[in-house]
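> My questions will all concern the structure given below.
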Amino acid sequence: MSWHLLTRPEVPSDINQGAQWYDEREPGTRLRAEFAREVWQTIDRLRTDALLYRVRDAKLQVRWVIPPRFPYRIIYAIKGDTVVILAVIHTAKRDREWKRRVR
């Protein structure tokens, strides 16, 4: 099955903030671009692999996937035939950061 993708308006900003953090930490490297590319590629793979990842919050029916090399959660929910990307946040951040977007 091929899923439709929908991202919340905050998601590009989430990715940009993560990319900026890597740019500040390792200026002059390709880490910023690699981070953004891996996150977007992982999101794109959800078009075919959305059910591969388990439900992490049964009440909210939320799942997440962590892209290779970077400790960020891509948090999403499946609504009908659509994968809704809710947030991209660092794994160290508390769940309340993304839960407010679900409600």
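So you can find residues: chains in the structure tokens are A, B, ... in the order shown, residues in each start at 1, and ligands are numbered from 1 in order.
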Show me a table, sorted first by chain and then by increasing residue number, of the residues of range 19-53 of chain A having an atom at most 10 Å from range 63-66 of chain A, each with its shortest atom pair and the distance in Å to one decimal, counting only C-alpha atoms and written as a Markdown table.


| residue | atom | partner | partner_atom | distance |
| --- | --- | --- | --- | --- |
| A:Glu38 | CA | A:Ile66 | CA | 9.9 |
| A:Val39 | CA | A:Ile66 | CA | 8.5 |
| A:Thr42 | CA | A:Val65 | CA | 8.0 |
| A:Ile43 | CA | A:Val65 | CA | 8.8 |
| A:Leu46 | CA | A:Val65 | CA | 9.1 |
| A:Ala50 | CA | A:Arg63 | CA | 8.7 |
| A:Leu51 | CA | A:Arg63 | CA | 8.8 |
| A:Leu52 | CA | A:Val65 | CA | 9.2 |
| A:Tyr53 | CA | A:Arg63 | CA | 6.4 |

> With only C-alpha atoms as the counted atoms, please give the residues lying no more than 8 Å from Phe35 in chain A, apart from itself and same-chain residues fewer than 4 positions off, as a list in words.

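Non-adjacent residues within range: Gly18, Ala19, Tyr22, Leu31, Val39 and Phe70 of chain A.
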
> For C-alpha atoms, I'd like the residues from the last selection saved as a PDB file, in the first residue's frame.


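In the end it all went to result_20.pdb:
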ATOM      1  CA  GLY A  18      17.859  20.347  14.141  1.00  0.00           C
ATOM      2  CA  ALA A  19      19.912  21.133  11.048  1.00  0.00           C
ATOM      3  CA  TYR A  22      24.345  20.510  13.740  1.00  0.00           C
ATOM      4  CA  LEU A  31      26.288  17.593   8.767  1.00  0.00           C
ATOM      5  CA  VAL A  39      15.108  13.037   7.959  1.00  0.00           C
ATOM      6  CA  PHE A  70      20.684  11.102  14.134  1.00  0.00           C
TER       7      PHE A  70
END

> For Leu86 in chain A, which of A:Arg47, A:Pro71, A:Glu26, A:Gln61 is the closest residue, counting only C-alpha atoms?

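Closest to Leu86 in chain A, using only C-alpha atoms: A:Gln61.
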
> Could you list, as JSON, numbers by chain, every residue within 10 Å of Asp14 in chain A, counting only C-alpha atoms and ignoring same-chain residues fewer than 6 positions away?

{"A": [20, 74, 87, 88, 89, 90]}

> Could you list, as a list of chain:residue names, every residue within 9 Å of Val84 in chain A, counting only C-alpha atoms and ignoring same-chain residues fewer than 4 positions away?

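Within the cut-off, the hits are A:His4, A:Leu5, A:Leu6, A:Thr7, A:Arg8, A:Ile75, A:Tyr76, A:Ala77, A:Ile78, A:Lys79.
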
> With N, CA and C atoms retained, export the selected residues as a CSV table (one decimal), in the first residue's frame.


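See result-v2.csv below for the written result:
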chain,number,residue,atom,x,y,z
A,4,HIS,N,-0.5,8.4,1.6
A,4,HIS,CA,-0.3,9.8,1.4
A,4,HIS,C,0.4,10.4,2.6
A,5,LEU,N,1.2,11.4,2.3
A,5,LEU,CA,1.9,12.0,3.4
A,5,LEU,C,1.4,13.4,3.6
A,6,LEU,N,1.2,13.8,4.9
A,6,LEU,CA,0.8,15.1,5.3
A,6,LEU,C,1.7,15.5,6.5
A,7,THR,N,2.3,16.7,6.4
A,7,THR,CA,3.1,17.2,7.5
A,7,THR,C,2.4,18.4,8.2
A,8,ARG,N,2.5,18.4,9.5
A,8,ARG,CA,2.0,19.6,10.2
A,8,ARG,C,2.9,20.8,9.8
A,75,ILE,N,7.8,11.6,14.5
A,75,ILE,CA,6.5,11.2,15.2
A,75,ILE,C,5.4,11.4,14.2
A,76,TYR,N,4.6,10.3,14.1
A,76,TYR,CA,3.5,10.3,13.1
A,76,TYR,C,2.3,9.5,13.6
A,77,ALA,N,1.2,9.7,12.9
A,77,ALA,CA,0.0,9.0,13.1
A,77,ALA,C,-0.6,8.6,11.8
A,78,ILE,N,-1.3,7.5,11.7
A,78,ILE,CA,-1.9,7.0,10.5
A,78,ILE,C,-3.4,7.3,10.6
A,79,LYS,N,-3.9,8.1,9.7
A,79,LYS,CA,-5.3,8.5,9.7
A,79,LYS,C,-5.9,8.1,8.3

> Would you mind reading off the distance between CA of Arg45 in chain A and CA of Met1 in chain A, one decimal, in Å?

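Interatomic distance, CA of Arg45 in chain A to CA of Met1 in chain A: 12.1 Å.
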
> Apply DSSP to the structure's backbone, then extract all residues of range 1-93 of chain A labelled alpha helix (DSSP H) and return them as a PyMOL selection string.

chain A and resi 11-25+31-49

> Selection from above, C-alpha atoms, as a tab-separated table (two decimals), in the first residue's frame, can you write it?


chain	number	residue	atom	x	y	z
A	11	VAL	CA	7.64	20.00	10.87
A	12	PRO	CA	9.87	21.94	8.42
A	13	SER	CA	10.78	24.26	11.29
A	14	ASP	CA	11.60	21.24	13.49
A	15	ILE	CA	13.94	19.93	10.81
A	16	ASN	CA	15.51	23.34	10.25
A	17	GLN	CA	16.16	23.74	14.00
A	18	GLY	CA	17.86	20.35	14.14
A	19	ALA	CA	19.91	21.13	11.05
A	20	GLN	CA	20.91	24.50	12.50
A	21	TRP	CA	22.05	22.82	15.72
A	22	TYR	CA	24.34	20.51	13.74
A	23	ASP	CA	25.64	23.46	11.72
A	24	GLU	CA	26.51	25.35	14.92
A	25	ARG	CA	28.16	22.30	16.44
A	31	LEU	CA	26.29	17.59	8.77
A	32	ARG	CA	23.47	20.12	8.43
A	33	ALA	CA	22.58	18.93	4.93
A	34	GLU	CA	23.04	15.26	5.84
A	35	PHE	CA	20.69	15.60	8.79
A	36	ALA	CA	17.95	17.26	6.72
A	37	ARG	CA	18.38	14.76	3.87
A	38	GLU	CA	18.17	11.72	6.16
A	39	VAL	CA	15.11	13.04	7.96
A	40	TRP	CA	13.26	13.80	4.70
A	41	GLN	CA	14.28	10.45	3.22
A	42	THR	CA	13.01	8.64	6.32
A	43	ILE	CA	9.74	10.56	6.10
A	44	ASP	CA	9.44	9.66	2.41
A	45	ARG	CA	9.98	5.95	3.21
A	46	LEU	CA	6.88	6.08	5.40
A	47	ARG	CA	4.86	6.16	2.17
A	48	THR	CA	5.41	2.40	1.96
A	49	ASP	CA	6.65	1.42	5.45

> Any idea what the distance is between CA of Thr91 in chain A and CA of Arg73 in chain A?

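So the two atoms, CA of Thr91 in chain A and CA of Arg73 in chain A, lie 5.8 Å apart.
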